[in-house]
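Colleague: model.pdb is reproduced below (PDB, C-alpha atoms and all ligand atoms).
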MODEL        1
ATOM      1  CA  MET A   1     -16.785   3.380  -1.730  1.00  0.00           C
ATOM      2  CA  ARG A   2     -13.853   1.259  -0.619  1.00  0.00           C
ATOM      3  CA  SER A   3     -10.855   3.434   0.333  1.00  0.00           C
ATOM      4  CA  ILE A   4      -7.366   2.091   0.925  1.00  0.00           C
ATOM      5  CA  LEU A   5      -4.412   4.260   1.910  1.00  0.00           C
ATOM      6  CA  VAL A   6      -0.815   3.078   1.548  1.00  0.00           C
ATOM      7  CA  MET A   7       1.405   5.102   3.861  1.00  0.00           C
ATOM      8  CA  ASN A   8       4.772   5.001   5.594  1.00  0.00           C
ATOM      9  CA  ALA A   9       6.910   8.070   6.236  1.00  0.00           C
ATOM     10  CA  LYS A  10       9.992   6.076   5.251  1.00  0.00           C
ATOM     11  CA  GLY A  11      10.895   6.652   1.611  1.00  0.00           C
ATOM     12  CA  GLY A  12      11.171   3.726  -0.748  1.00  0.00           C
ATOM     13  CA  SER A  13       9.241   1.250   1.391  1.00  0.00           C
ATOM     14  CA  GLY A  14       6.959   0.228  -1.487  1.00  0.00           C
ATOM     15  CA  LYS A  15       3.945   2.545  -1.109  1.00  0.00           C
ATOM     16  CA  THR A  16       3.663   3.281  -4.808  1.00  0.00           C
ATOM     17  CA  THR A  17       4.384  -0.322  -5.806  1.00  0.00           C
ATOM     18  CA  ILE A  18       1.613  -1.593  -3.545  1.00  0.00           C
ATOM     19  CA  SER A  19      -0.755   1.208  -4.598  1.00  0.00           C
ATOM     20  CA  ILE A  20      -0.398   0.594  -8.322  1.00  0.00           C
ATOM     21  CA  ASN A  21      -0.692  -3.160  -7.907  1.00  0.00           C
ATOM     22  CA  LEU A  22      -3.845  -2.799  -5.826  1.00  0.00           C
ATOM     23  CA  ALA A  23      -5.262  -0.428  -8.444  1.00  0.00           C
ATOM     24  CA  SER A  24      -4.440  -2.939 -11.178  1.00  0.00           C
ATOM     25  CA  TYR A  25      -5.950  -5.800  -9.153  1.00  0.00           C
ATOM     26  CA  TYR A  26      -9.299  -4.090  -8.564  1.00  0.00           C
ATOM     27  CA  ALA A  27      -9.464  -2.779 -12.137  1.00  0.00           C
ATOM     28  CA  LEU A  28      -8.994  -6.343 -13.383  1.00  0.00           C
ATOM     29  CA  GLN A  29     -11.872  -7.355 -11.115  1.00  0.00           C
ATOM     30  CA  GLY A  30     -14.038  -4.966 -13.123  1.00  0.00           C
ATOM     31  CA  ARG A  31     -14.265  -2.321 -10.407  1.00  0.00           C
ATOM     32  CA  GLU A  32     -14.240   1.429 -11.078  1.00  0.00           C
ATOM     33  CA  VAL A  33     -10.863   2.371  -9.617  1.00  0.00           C
ATOM     34  CA  ALA A  34      -9.337   5.755  -8.812  1.00  0.00           C
ATOM     35  CA  LEU A  35      -5.661   6.082  -7.913  1.00  0.00           C
ATOM     36  CA  VAL A  36      -4.948   9.242  -5.935  1.00  0.00           C
ATOM     37  CA  ASP A  37      -1.303  10.271  -5.935  1.00  0.00           C
ATOM     38  CA  TYR A  38      -0.305  12.577  -3.069  1.00  0.00           C
ATOM     39  CA  ASP A  39       3.371  12.566  -3.983  1.00  0.00           C
ATOM     40  CA  PRO A  40       4.588  15.754  -5.712  1.00  0.00           C
ATOM     41  CA  GLN A  41       6.788  13.467  -7.823  1.00  0.00           C
ATOM     42  CA  TYR A  42       3.618  11.792  -9.142  1.00  0.00           C
ATOM     43  CA  CYS A  43       5.203   8.370  -9.642  1.00  0.00           C
ATOM     44  CA  ALA A  44       1.841   6.587  -9.509  1.00  0.00           C
ATOM     45  CA  LEU A  45       0.422   8.932 -12.129  1.00  0.00           C
ATOM     46  CA  ASP A  46       3.506   8.411 -14.305  1.00  0.00           C
ATOM     47  CA  TRP A  47       2.795   4.684 -14.109  1.00  0.00           C
ATOM     48  CA  LEU A  48      -0.763   5.359 -15.179  1.00  0.00           C
ATOM     49  CA  GLU A  49       0.462   7.463 -18.118  1.00  0.00           C
ATOM     50  CA  SER A  50       2.347   4.434 -19.398  1.00  0.00           C
ATOM     51  CA  ARG A  51      -0.626   2.101 -18.967  1.00  0.00           C
ATOM     52  CA  PRO A  52      -1.740   0.616 -22.311  1.00  0.00           C
ATOM     53  CA  GLU A  53      -5.167   1.782 -23.444  1.00  0.00           C
ATOM     54  CA  ASP A  54      -6.494  -1.752 -23.790  1.00  0.00           C
ATOM     55  CA  ARG A  55      -5.958  -2.519 -20.086  1.00  0.00           C
ATOM     56  CA  PRO A  56      -8.795  -2.127 -17.552  1.00  0.00           C
ATOM     57  CA  LYS A  57      -9.207   1.563 -16.836  1.00  0.00           C
ATOM     58  CA  ILE A  58      -7.863   3.281 -13.730  1.00  0.00           C
ATOM     59  CA  THR A  59      -8.557   6.981 -13.166  1.00  0.00           C
ATOM     60  CA  GLY A  60      -5.619   9.015 -11.890  1.00  0.00           C
ATOM     61  CA  VAL A  61      -6.169  11.922  -9.509  1.00  0.00           C
ATOM     62  CA  GLU A  62      -3.585  14.506  -8.409  1.00  0.00           C
ATOM     63  CA  GLY A  63      -4.173  14.425  -4.686  1.00  0.00           C
ATOM     64  CA  LEU A  64      -2.314  17.677  -4.041  1.00  0.00           C
ATOM     65  CA  GLN A  65      -4.523  19.701  -6.397  1.00  0.00           C
ATOM     66  CA  LYS A  66      -6.931  21.902  -4.498  1.00  0.00           C
ATOM     67  CA  GLY A  67     -10.398  20.385  -4.521  1.00  0.00           C
ATOM     68  CA  ALA A  68      -9.152  17.088  -5.969  1.00  0.00           C
ATOM     69  CA  ARG A  69     -11.982  14.564  -6.163  1.00  0.00           C
ATOM     70  CA  VAL A  70     -12.438  11.060  -7.438  1.00  0.00           C
ATOM     71  CA  PRO A  71     -14.980  10.688 -10.249  1.00  0.00           C
ATOM     72  CA  ARG A  72     -18.592   9.905  -9.408  1.00  0.00           C
ATOM     73  CA  GLY A  73     -19.161   6.158  -9.556  1.00  0.00           C
ATOM     74  CA  THR A  74     -15.719   5.257  -8.178  1.00  0.00           C
ATOM     75  CA  GLU A  75     -15.958   1.961  -6.303  1.00  0.00           C
ATOM     76  CA  VAL A  76     -12.398   1.586  -5.045  1.00  0.00           C
ATOM     77  CA  VAL A  77     -10.023   4.439  -4.270  1.00  0.00           C
ATOM     78  CA  ILE A  78      -6.341   3.803  -3.632  1.00  0.00           C
ATOM     79  CA  LEU A  79      -4.439   6.623  -1.934  1.00  0.00           C
ATOM     80  CA  ASP A  80      -0.664   6.664  -2.442  1.00  0.00           C
ATOM     81  CA  ALA A  81       0.971   8.754   0.316  1.00  0.00           C
ATOM     82  CA  PRO A  82       4.322  10.476  -0.132  1.00  0.00           C
ATOM     83  CA  ALA A  83       7.457   9.856   1.949  1.00  0.00           C
ATOM     84  CA  ALA A  84       8.114  11.985   5.035  1.00  0.00           C
ATOM     85  CA  THR A  85       4.437  12.321   5.900  1.00  0.00           C
ATOM     86  CA  HIS A  86       4.141  13.288   9.562  1.00  0.00           C
ATOM     87  CA  GLY A  87       1.768  15.243  11.767  1.00  0.00           C
ATOM     88  CA  ARG A  88      -1.322  16.844  10.309  1.00  0.00           C
ATOM     89  CA  PRO A  89      -1.038  15.373   6.785  1.00  0.00           C
ATOM     90  CA  VAL A  90      -1.048  11.896   8.371  1.00  0.00           C
ATOM     91  CA  THR A  91      -4.321  12.666  10.157  1.00  0.00           C
ATOM     92  CA  GLU A  92      -5.790  14.159   6.993  1.00  0.00           C
ATOM     93  CA  LEU A  93      -4.901  11.156   4.864  1.00  0.00           C
ATOM     94  CA  LEU A  94      -6.201   8.756   7.507  1.00  0.00           C
ATOM     95  CA  SER A  95      -9.505  10.645   7.515  1.00  0.00           C
ATOM     96  CA  ARG A  96      -9.966   9.760   3.822  1.00  0.00           C
ATOM     97  CA  ALA A  97      -9.493   6.008   4.212  1.00  0.00           C
ATOM     98  CA  GLN A  98     -11.164   2.981   5.733  1.00  0.00           C
ATOM     99  CA  THR A  99      -7.937   1.027   5.671  1.00  0.00           C
ATOM    100  CA  CYS A 100      -4.277   1.962   5.932  1.00  0.00           C
ATOM    101  CA  ILE A 101      -1.508  -0.383   4.814  1.00  0.00           C
ATOM    102  CA  ILE A 102       2.019   0.287   6.056  1.00  0.00           C
ATOM    103  CA  PRO A 103       4.675  -1.395   3.922  1.00  0.00           C
ATOM    104  CA  VAL A 104       7.957  -2.114   5.701  1.00  0.00           C
ATOM    105  CA  ILE A 105      11.283  -3.215   4.236  1.00  0.00           C
ATOM    106  CA  PRO A 106      13.586  -5.607   6.116  1.00  0.00           C
ATOM    107  CA  SER A 107      16.551  -3.409   6.982  1.00  0.00           C
ATOM    108  CA  ALA A 108      17.571  -2.014  10.366  1.00  0.00           C
ATOM    109  CA  ILE A 109      17.032   1.563   9.153  1.00  0.00           C
ATOM    110  CA  ASP A 110      13.590   0.751   7.793  1.00  0.00           C
ATOM    111  CA  LEU A 111      12.528  -1.177  10.890  1.00  0.00           C
ATOM    112  CA  ASN A 112      13.526   1.714  13.155  1.00  0.00           C
ATOM    113  CA  ALA A 113      11.725   4.211  10.933  1.00  0.00           C
ATOM    114  CA  ALA A 114       8.663   1.933  10.790  1.00  0.00           C
ATOM    115  CA  TRP A 115       8.671   1.665  14.566  1.00  0.00           C
ATOM    116  CA  ARG A 116       8.556   5.460  14.923  1.00  0.00           C
ATOM    117  CA  PHE A 117       5.879   5.855  12.248  1.00  0.00           C
ATOM    118  CA  ILE A 118       3.688   3.115  13.702  1.00  0.00           C
ATOM    119  CA  ASP A 119       4.107   4.725  17.118  1.00  0.00           C
ATOM    120  CA  GLU A 120       2.947   8.046  15.645  1.00  0.00           C
ATOM    121  CA  ILE A 121      -0.107   6.716  13.895  1.00  0.00           C
ATOM    122  CA  THR A 122      -1.361   4.187  16.405  1.00  0.00           C
ATOM    123  CA  ASP A 123      -1.768   6.972  18.958  1.00  0.00           C
ATOM    124  CA  LEU A 124      -4.191   8.913  16.774  1.00  0.00           C
ATOM    125  CA  GLY A 125      -7.880   9.070  17.637  1.00  0.00           C
ATOM    126  CA  ARG A 126      -9.093   7.642  14.324  1.00  0.00           C
ATOM    127  CA  VAL A 127      -6.889   4.603  14.746  1.00  0.00           C
ATOM    128  CA  LEU A 128      -7.683   4.125  18.440  1.00  0.00           C
ATOM    129  CA  ASN A 129     -11.430   4.456  17.703  1.00  0.00           C
ATOM    130  CA  ARG A 130     -11.070   1.942  14.853  1.00  0.00           C
ATOM    131  CA  LYS A 131     -12.430   4.439  12.321  1.00  0.00           C
ATOM    132  CA  VAL A 132      -9.542   3.365  10.119  1.00  0.00           C
ATOM    133  CA  ARG A 133      -8.072  -0.120  10.230  1.00  0.00           C
ATOM    134  CA  VAL A 134      -4.297  -0.227  10.036  1.00  0.00           C
ATOM    135  CA  ALA A 135      -2.089  -3.170   9.118  1.00  0.00           C
ATOM    136  CA  THR A 136       1.500  -3.834   8.121  1.00  0.00           C
ATOM    137  CA  VAL A 137       2.925  -5.657   5.121  1.00  0.00           C
ATOM    138  CA  ALA A 138       6.554  -6.746   4.831  1.00  0.00           C
ATOM    139  CA  ASN A 139       7.915  -5.813   1.420  1.00  0.00           C
ATOM    140  CA  ARG A 140      11.004  -6.793  -0.551  1.00  0.00           C
ATOM    141  CA  ILE A 141      11.746  -9.788   1.634  1.00  0.00           C
ATOM    142  CA  ARG A 142      14.257 -12.435   0.595  1.00  0.00           C
ATOM    143  CA  GLU A 143      12.500 -15.600   1.607  1.00  0.00           C
ATOM    144  CA  ASN A 144      14.025 -17.573   4.464  1.00  0.00           C
ATOM    145  CA  SER A 145      16.849 -15.069   4.922  1.00  0.00           C
ATOM    146  CA  PRO A 146      17.671 -13.744   8.423  1.00  0.00           C
ATOM    147  CA  GLY A 147      16.043 -10.454   7.415  1.00  0.00           C
ATOM    148  CA  HIS A 148      12.813 -12.280   6.574  1.00  0.00           C
ATOM    149  CA  PHE A 149      12.607 -13.881  10.036  1.00  0.00           C
ATOM    150  CA  GLU A 150      13.609 -10.651  11.740  1.00  0.00           C
ATOM    151  CA  ILE A 151      10.916  -8.563  10.048  1.00  0.00           C
ATOM    152  CA  GLU A 152       8.257 -11.221  10.726  1.00  0.00           C
ATOM    153  CA  GLU A 153       9.180 -11.303  14.387  1.00  0.00           C
ATOM    154  CA  PHE A 154       9.188  -7.514  14.554  1.00  0.00           C
ATOM    155  CA  LEU A 155       5.879  -6.953  12.755  1.00  0.00           C
ATOM    156  CA  GLU A 156       4.148  -9.770  14.664  1.00  0.00           C
ATOM    157  CA  SER A 157       5.147  -8.144  17.933  1.00  0.00           C
ATOM    158  CA  VAL A 158       3.735  -4.670  17.237  1.00  0.00           C
ATOM    159  CA  LYS A 159       0.882  -3.798  19.581  1.00  0.00           C
ATOM    160  CA  LEU A 160      -1.712  -1.043  19.501  1.00  0.00           C
ATOM    161  CA  PRO A 161      -1.856   1.145  22.632  1.00  0.00           C
ATOM    162  CA  GLY A 162      -4.732  -0.950  24.066  1.00  0.00           C
ATOM    163  CA  GLY A 163      -2.591  -4.095  23.843  1.00  0.00           C
ATOM    164  CA  ARG A 164      -4.305  -5.510  20.758  1.00  0.00           C
ATOM    165  CA  ALA A 165      -1.877  -6.694  18.051  1.00  0.00           C
ATOM    166  CA  LEU A 166      -1.472  -4.498  14.995  1.00  0.00           C
ATOM    167  CA  PRO A 167      -2.410  -6.871  12.141  1.00  0.00           C
ATOM    168  CA  PHE A 168       0.558  -8.041  10.089  1.00  0.00           C
ATOM    169  CA  ILE A 169      -1.007  -9.314   6.895  1.00  0.00           C
ATOM    170  CA  ALA A 170       1.441 -10.370   4.214  1.00  0.00           C
ATOM    171  CA  CYS A 171       5.045 -10.733   3.096  1.00  0.00           C
ATOM    172  CA  LEU A 172       5.851  -9.701  -0.458  1.00  0.00           C
ATOM    173  CA  ARG A 173       9.145 -10.845  -1.860  1.00  0.00           C
ATOM    174  CA  ASN A 174      11.799  -8.798  -3.570  1.00  0.00           C
ATOM    175  CA  SER A 175      11.144  -9.477  -7.225  1.00  0.00           C
ATOM    176  CA  ILE A 176      12.122  -7.959 -10.541  1.00  0.00           C
ATOM    177  CA  ASN A 177       8.544  -8.667 -11.647  1.00  0.00           C
ATOM    178  CA  TYR A 178       7.397  -5.456  -9.951  1.00  0.00           C
ATOM    179  CA  SER A 179       9.621  -3.200 -12.018  1.00  0.00           C
ATOM    180  CA  HIS A 180       9.054  -5.226 -15.187  1.00  0.00           C
ATOM    181  CA  ALA A 181       5.311  -4.766 -14.790  1.00  0.00           C
ATOM    182  CA  ALA A 182       5.501  -1.137 -13.634  1.00  0.00           C
ATOM    183  CA  ASP A 183       7.714  -0.152 -16.582  1.00  0.00           C
ATOM    184  CA  ARG A 184       4.827  -1.142 -18.866  1.00  0.00           C
ATOM    185  CA  GLY A 185       2.057   0.497 -16.865  1.00  0.00           C
ATOM    186  CA  LEU A 186       0.915  -2.887 -15.569  1.00  0.00           C
ATOM    187  CA  GLY A 187       0.492  -4.687 -12.259  1.00  0.00           C
ATOM    188  CA  ILE A 188       1.994  -8.096 -11.543  1.00  0.00           C
ATOM    189  CA  TRP A 189      -1.404  -9.639 -12.286  1.00  0.00           C
ATOM    190  CA  GLU A 190      -1.044  -8.473 -15.873  1.00  0.00           C
ATOM    191  CA  ILE A 191       2.319  -9.965 -16.890  1.00  0.00           C
ATOM    192  CA  ALA A 192       3.297 -13.572 -17.764  1.00  0.00           C
ATOM    193  CA  PRO A 193       1.662 -15.742 -15.038  1.00  0.00           C
ATOM    194  CA  SER A 194       4.485 -18.295 -15.341  1.00  0.00           C
ATOM    195  CA  LYS A 195       6.787 -15.714 -13.722  1.00  0.00           C
ATOM    196  CA  THR A 196       4.456 -14.278 -11.144  1.00  0.00           C
ATOM    197  CA  THR A 197       2.651 -17.306  -9.646  1.00  0.00           C
ATOM    198  CA  HIS A 198       4.585 -17.055  -6.408  1.00  0.00           C
ATOM    199  CA  ASP A 199       4.199 -13.274  -6.123  1.00  0.00           C
ATOM    200  CA  VAL A 200       0.473 -13.604  -6.667  1.00  0.00           C
ATOM    201  CA  GLU A 201       0.330 -16.236  -3.900  1.00  0.00           C
ATOM    202  CA  MET A 202       2.139 -13.869  -1.560  1.00  0.00           C
ATOM    203  CA  TRP A 203      -0.423 -11.128  -2.262  1.00  0.00           C
ATOM    204  CA  GLN A 204      -3.358 -13.407  -1.482  1.00  0.00           C
ATOM    205  CA  PRO A 205      -3.464 -12.815   2.299  1.00  0.00           C
ATOM    206  CA  LEU A 206      -3.532  -9.055   1.665  1.00  0.00           C
ATOM    207  CA  ILE A 207      -6.249  -9.349  -0.984  1.00  0.00           C
ATOM    208  CA  ASP A 208      -8.273 -11.598   1.352  1.00  0.00           C
ATOM    209  CA  TRP A 209      -7.873  -9.242   4.312  1.00  0.00           C
ATOM    210  CA  LEU A 210      -8.860  -6.225   2.214  1.00  0.00           C
ATOM    211  CA  GLY A 211     -11.969  -8.121   1.166  1.00  0.00           C
ATOM    212  CA  SER A 212     -12.861  -8.997   4.746  1.00  0.00           C
ATOM    213  CA  ARG A 213     -14.831  -6.985   7.270  1.00  0.00           C
ATOM    214  CA  SER A 214     -11.898  -6.814   9.630  1.00  0.00           C
ATOM    215  CA  SER A 215     -10.116  -4.389   7.301  1.00  0.00           C
ATOM    216  CA  ARG A 216     -13.061  -1.967   7.378  1.00  0.00           C
ATOM    217  CA  PRO A 217     -14.471   0.107  10.213  1.00  0.00           C
ATOM    218  CA  ALA A 218     -17.781  -1.067  11.624  1.00  0.00           C
ATOM    219  CA  ALA A 219     -20.653   0.548   9.684  1.00  0.00           C
TER
HETATM  220  N1  LIG B 301       8.660  -6.153  -3.719  1.00  0.00           N
HETATM  221  C1  LIG B 301       9.530  -5.467  -4.479  1.00  0.00           C
HETATM  222  N2  LIG B 301      10.447  -6.119  -5.222  1.00  0.00           N
HETATM  223  C2  LIG B 301      11.359  -5.452  -5.976  1.00  0.00           C
HETATM  224  N3  LIG B 301      11.408  -4.113  -6.048  1.00  0.00           N
HETATM  225  C3  LIG B 301      10.516  -3.415  -5.328  1.00  0.00           C
HETATM  226  C4  LIG B 301       9.530  -4.033  -4.524  1.00  0.00           C
HETATM  227  N4  LIG B 301       8.792  -3.060  -3.928  1.00  0.00           N
HETATM  228  C5  LIG B 301       9.290  -1.898  -4.353  1.00  0.00           C
HETATM  229  N5  LIG B 301      10.324  -2.090  -5.194  1.00  0.00           N
HETATM  230  C6  LIG B 301      11.168  -1.072  -5.848  1.00  0.00           C
HETATM  231  O1  LIG B 301      11.682  -0.227  -4.831  1.00  0.00           O
HETATM  232  C7  LIG B 301      11.700   1.118  -5.275  1.00  0.00           C
HETATM  233  C8  LIG B 301      10.880   1.961  -4.282  1.00  0.00           C
HETATM  234  O2  LIG B 301       9.536   1.476  -4.313  1.00  0.00           O
HETATM  235  P1  LIG B 301       8.294   2.483  -4.299  1.00  0.00           P
HETATM  236  O3  LIG B 301       8.537   3.607  -5.245  1.00  0.00           O
HETATM  237  O4  LIG B 301       7.093   1.672  -4.443  1.00  0.00           O
HETATM  238  O5  LIG B 301       8.430   3.015  -2.805  1.00  0.00           O
HETATM  239  P2  LIG B 301       7.690   4.276  -2.160  1.00  0.00           P
HETATM  240  O6  LIG B 301       7.491   3.946  -0.732  1.00  0.00           O
HETATM  241  O7  LIG B 301       6.514   4.643  -2.960  1.00  0.00           O
HETATM  242  O8  LIG B 301       8.811   5.395  -2.328  1.00  0.00           O
HETATM  243  P3  LIG B 301       8.605   6.965  -1.995  1.00  0.00           P
HETATM  244  O9  LIG B 301       8.691   7.053  -0.504  1.00  0.00           O
HETATM  245  O10 LIG B 301       9.777   7.608  -2.686  1.00  0.00           O
HETATM  246  O11 LIG B 301       7.269   7.364  -2.523  1.00  0.00           O
HETATM  247  C9  LIG B 301      11.119   1.127  -6.678  1.00  0.00           C
HETATM  248  O12 LIG B 301      12.204   1.103  -7.573  1.00  0.00           O
HETATM  249  C10 LIG B 301      10.347  -0.183  -6.762  1.00  0.00           C
HETATM  250  O13 LIG B 301      10.313  -0.723  -8.071  1.00  0.00           O
HETATM  251 MG    MG B 302       5.921   6.510  -3.747  1.00  0.00          MG
ENDMDL
END
What is this file in structure tokens?

Modeller:
Amino acid sequence: MRSILVMNAKGGSGKTTISINLASYYALQGREVALVDYDPQYCALDWLESRPEDRPKITGVEGLQKGARVPRGTEVVILDAPAATHGRPVTELLSRAQTCIIPVIPSAIDLNAAWRFIDEITDLGRVLNRKVRVATVANRIRENSPGHFEIEEFLESVKLPGGRALPFIACLRNSINYSHAADRGLGIWEIAPSKTTHDVEMWQPLIDWLGSRSSRPAA
């Protein structure tokens, strides 16, 4: 089973947006998808509630429920972490995933918070032993703005403790398409393609990386 965690302790960095869009992407590919929401506010599950019945099915799971499990036959599981996750819950969530995506927003506050969070997680045994592959994604960028260049420079420079670069995979732009789709229980792949061509292009490096061996631990 493919397992992808979206986590950053900083609130509002785009964890749920990326989680629901990944769930929508894999469901459209015909995969059996489970979306596990660890946020007590259950935003991802609210999105799923509003998903039209005729859209490819995604199974929602309340991650905080004792004994929560994904259904048998699940092929892809997306784990949406809550804000302010530090310490033991970080280790626990990492132990459930092959891949961890850290979304980061281009603001000074977010970059500082991302720096601290990355520092916390890249020191953990599972990450150091490459049992979980971690990467960053810039989110809500305004293309070719100073903030865009600043976040690229920052995320490209992040190193793991051994000196290896922490992969920086994609830049997703700030776009109303995300809320337009989410309001209807959809991902950006499921609304008018004329509006989303560029967003879809920006997702491609992330989709490609998630499909590659380098985003998964060695068997
Ligand atoms: N690329 C984007 N373009 C435009 N709006 C975005 C984008 N990504 C996220 N948003 C908006 O930013 C807000 C916060 O995003 P989201 O809920 O995904 O963050 P989060 O990290 O899950 O937040 P929390 O820490 O509270 O769980 C939402 O209103 C969402 O629609
Ligand atoms: Mg969220």

Colleague: Counting all atoms listed in the file, which of A:Ile102, A:Ala84, A:Leu94, A:Leu111 gets nearest to Arg126 in chain A?

Modeller: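 Once distances to Arg126 in chain A are computed over all atoms listed in the file, the minimum belongs to A:Leu94.
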
Colleague: Please enclose the listed atoms of ligand LIG 301 (chain B) in an axis-aligned box, pad each side by 4 Å, and write out the centre and the three edge lengths in Å, rounded to one decimal, as JSON.

Modeller:
{"center_x": 9.4, "center_y": 0.7, "center_z": -4.3, "size_x": 13.7, "size_y": 21.8, "size_z": 15.6}

Colleague: Excluding Glu190 in chain A and residues on its chain fewer than 3 positions from it, collect all residues at most 10 Å away from it, counting all atoms listed in the file, and give them as a ChimeraX atom specification.

Modeller: /A:21,24-25,28,55,181,184-187,193,196

Colleague: Applying 9 Å and all atoms listed in the file, which residues near Ala23 in chain A remain after dropping the ones on its own chain fewer than 3 positions away? List them as a PyMOL selection string.

Modeller: chain A and resi 18-20+26-28+33-35+58+76-78+187

Colleague: At what distance in Å, to one decimal, does CA of Glu153 in chain A lie from CA of Thr197 in chain A?

Modeller: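 Rounded to one decimal, the two atoms are 25.6 Å apart.
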
Colleague: Expressed in Å to a single decimal, how great is the separation between CA of Asp39 in chain A and atom O10 of ligand LIG 301 (chain B)?

Modeller: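 Atom-to-atom, CA of Asp39 in chain A to atom O10 of ligand LIG 301 (chain B), that is 8.2 Å.
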
Colleague: Given the file shown, determine the residues that the PyMOL selection byres (((not hetatm)) within 6 of (chain B and resi 302)) selects; report them as JSON, numbers by chain.

Modeller: {"A": [15, 16, 82]}

Colleague: Go through the shown structure with the PyMOL selection byres (((chain A and resi 90) around 10) and not hetatm) and write out the matching residues as a PDB file with C-alpha atoms, in the frame of the given file.

Modeller:
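expr22.pdb was written with the following content:
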ATOM      1  CA  MET A   7       1.405   5.102   3.861  1.00  0.00           C
ATOM      2  CA  ASN A   8       4.772   5.001   5.594  1.00  0.00           C
ATOM      3  CA  ALA A   9       6.910   8.070   6.236  1.00  0.00           C
ATOM      4  CA  ALA A  81       0.971   8.754   0.316  1.00  0.00           C
ATOM      5  CA  ALA A  84       8.114  11.985   5.035  1.00  0.00           C
ATOM      6  CA  THR A  85       4.437  12.321   5.900  1.00  0.00           C
ATOM      7  CA  HIS A  86       4.141  13.288   9.562  1.00  0.00           C
ATOM      8  CA  GLY A  87       1.768  15.243  11.767  1.00  0.00           C
ATOM      9  CA  ARG A  88      -1.322  16.844  10.309  1.00  0.00           C
ATOM     10  CA  PRO A  89      -1.038  15.373   6.785  1.00  0.00           C
ATOM     11  CA  THR A  91      -4.321  12.666  10.157  1.00  0.00           C
ATOM     12  CA  GLU A  92      -5.790  14.159   6.993  1.00  0.00           C
ATOM     13  CA  LEU A  93      -4.901  11.156   4.864  1.00  0.00           C
ATOM     14  CA  LEU A  94      -6.201   8.756   7.507  1.00  0.00           C
ATOM     15  CA  SER A  95      -9.505  10.645   7.515  1.00  0.00           C
ATOM     16  CA  PHE A 117       5.879   5.855  12.248  1.00  0.00           C
ATOM     17  CA  GLU A 120       2.947   8.046  15.645  1.00  0.00           C
ATOM     18  CA  ILE A 121      -0.107   6.716  13.895  1.00  0.00           C
ATOM     19  CA  LEU A 124      -4.191   8.913  16.774  1.00  0.00           C
TER      20      LEU A 124
END

Colleague: So that each row is one residue of chain A with an atom at most 9 Å from ligand LIG 301 (chain B), can you give its shortest atom pair and the distance in Å to one decimal, using only C-alpha atoms and all ligand atoms, rows by chain and rising number, as a Markdown table?

Modeller:
| residue | atom | partner | partner_atom | distance |
| --- | --- | --- | --- | --- |
| A:Val6 | CA | B:LIG301 | O6 | 8.7 |
| A:Met7 | CA | B:LIG301 | O6 | 7.7 |
| A:Asn8 | CA | B:LIG301 | O6 | 7.0 |
| A:Ala9 | CA | B:LIG301 | O9 | 7.0 |
| A:Lys10 | CA | B:LIG301 | O9 | 6.0 |
| A:Gly11 | CA | B:LIG301 | O9 | 3.1 |
| A:Gly12 | CA | B:LIG301 | O8 | 3.3 |
| A:Ser13 | CA | B:LIG301 | O6 | 3.9 |
| A:Gly14 | CA | B:LIG301 | O4 | 3.3 |
| A:Lys15 | CA | B:LIG301 | O7 | 3.8 |
| A:Thr16 | CA | B:LIG301 | O7 | 3.7 |
| A:Thr17 | CA | B:LIG301 | O4 | 3.6 |
| A:Ile18 | CA | B:LIG301 | O4 | 6.4 |
| A:Ser19 | CA | B:LIG301 | O4 | 7.9 |
| A:Ile20 | CA | B:LIG301 | O4 | 8.5 |
| A:Asp39 | CA | B:LIG301 | O11 | 6.7 |
| A:Gln41 | CA | B:LIG301 | O11 | 8.1 |
| A:Tyr42 | CA | B:LIG301 | O11 | 8.8 |
| A:Cys43 | CA | B:LIG301 | O3 | 7.3 |
| A:Ala44 | CA | B:LIG301 | O7 | 8.3 |
| A:Asp80 | CA | B:LIG301 | O7 | 7.5 |
| A:Ala81 | CA | B:LIG301 | O11 | 7.0 |
| A:Pro82 | CA | B:LIG301 | O11 | 4.9 |
| A:Ala83 | CA | B:LIG301 | O9 | 3.9 |
| A:Ala84 | CA | B:LIG301 | O9 | 7.4 |
| A:Pro103 | CA | B:LIG301 | O6 | 7.6 |
| A:Val104 | CA | B:LIG301 | O6 | 8.9 |
| A:Ile105 | CA | B:LIG301 | N4 | 8.5 |
| A:Ala138 | CA | B:LIG301 | N1 | 8.8 |
| A:Asn139 | CA | B:LIG301 | N1 | 5.2 |
| A:Arg140 | CA | B:LIG301 | N1 | 4.0 |
| A:Ile141 | CA | B:LIG301 | N1 | 7.2 |
| A:Cys171 | CA | B:LIG301 | N1 | 9.0 |
| A:Leu172 | CA | B:LIG301 | N1 | 5.6 |
| A:Arg173 | CA | B:LIG301 | N1 | 5.1 |
| A:Asn174 | CA | B:LIG301 | N2 | 3.4 |
| A:Ser175 | CA | B:LIG301 | N2 | 4.0 |
| A:Ile176 | CA | B:LIG301 | C2 | 5.3 |
| A:Asn177 | CA | B:LIG301 | C2 | 7.1 |
| A:Tyr178 | CA | B:LIG301 | C2 | 5.6 |
| A:Ser179 | CA | B:LIG301 | O13 | 4.7 |
| A:His180 | CA | B:LIG301 | O13 | 8.5 |
| A:Ala182 | CA | B:LIG301 | O13 | 7.4 |
| A:Asp183 | CA | B:LIG301 | O13 | 8.9 |
| A:Asp199 | CA | B:LIG301 | N1 | 8.7 |
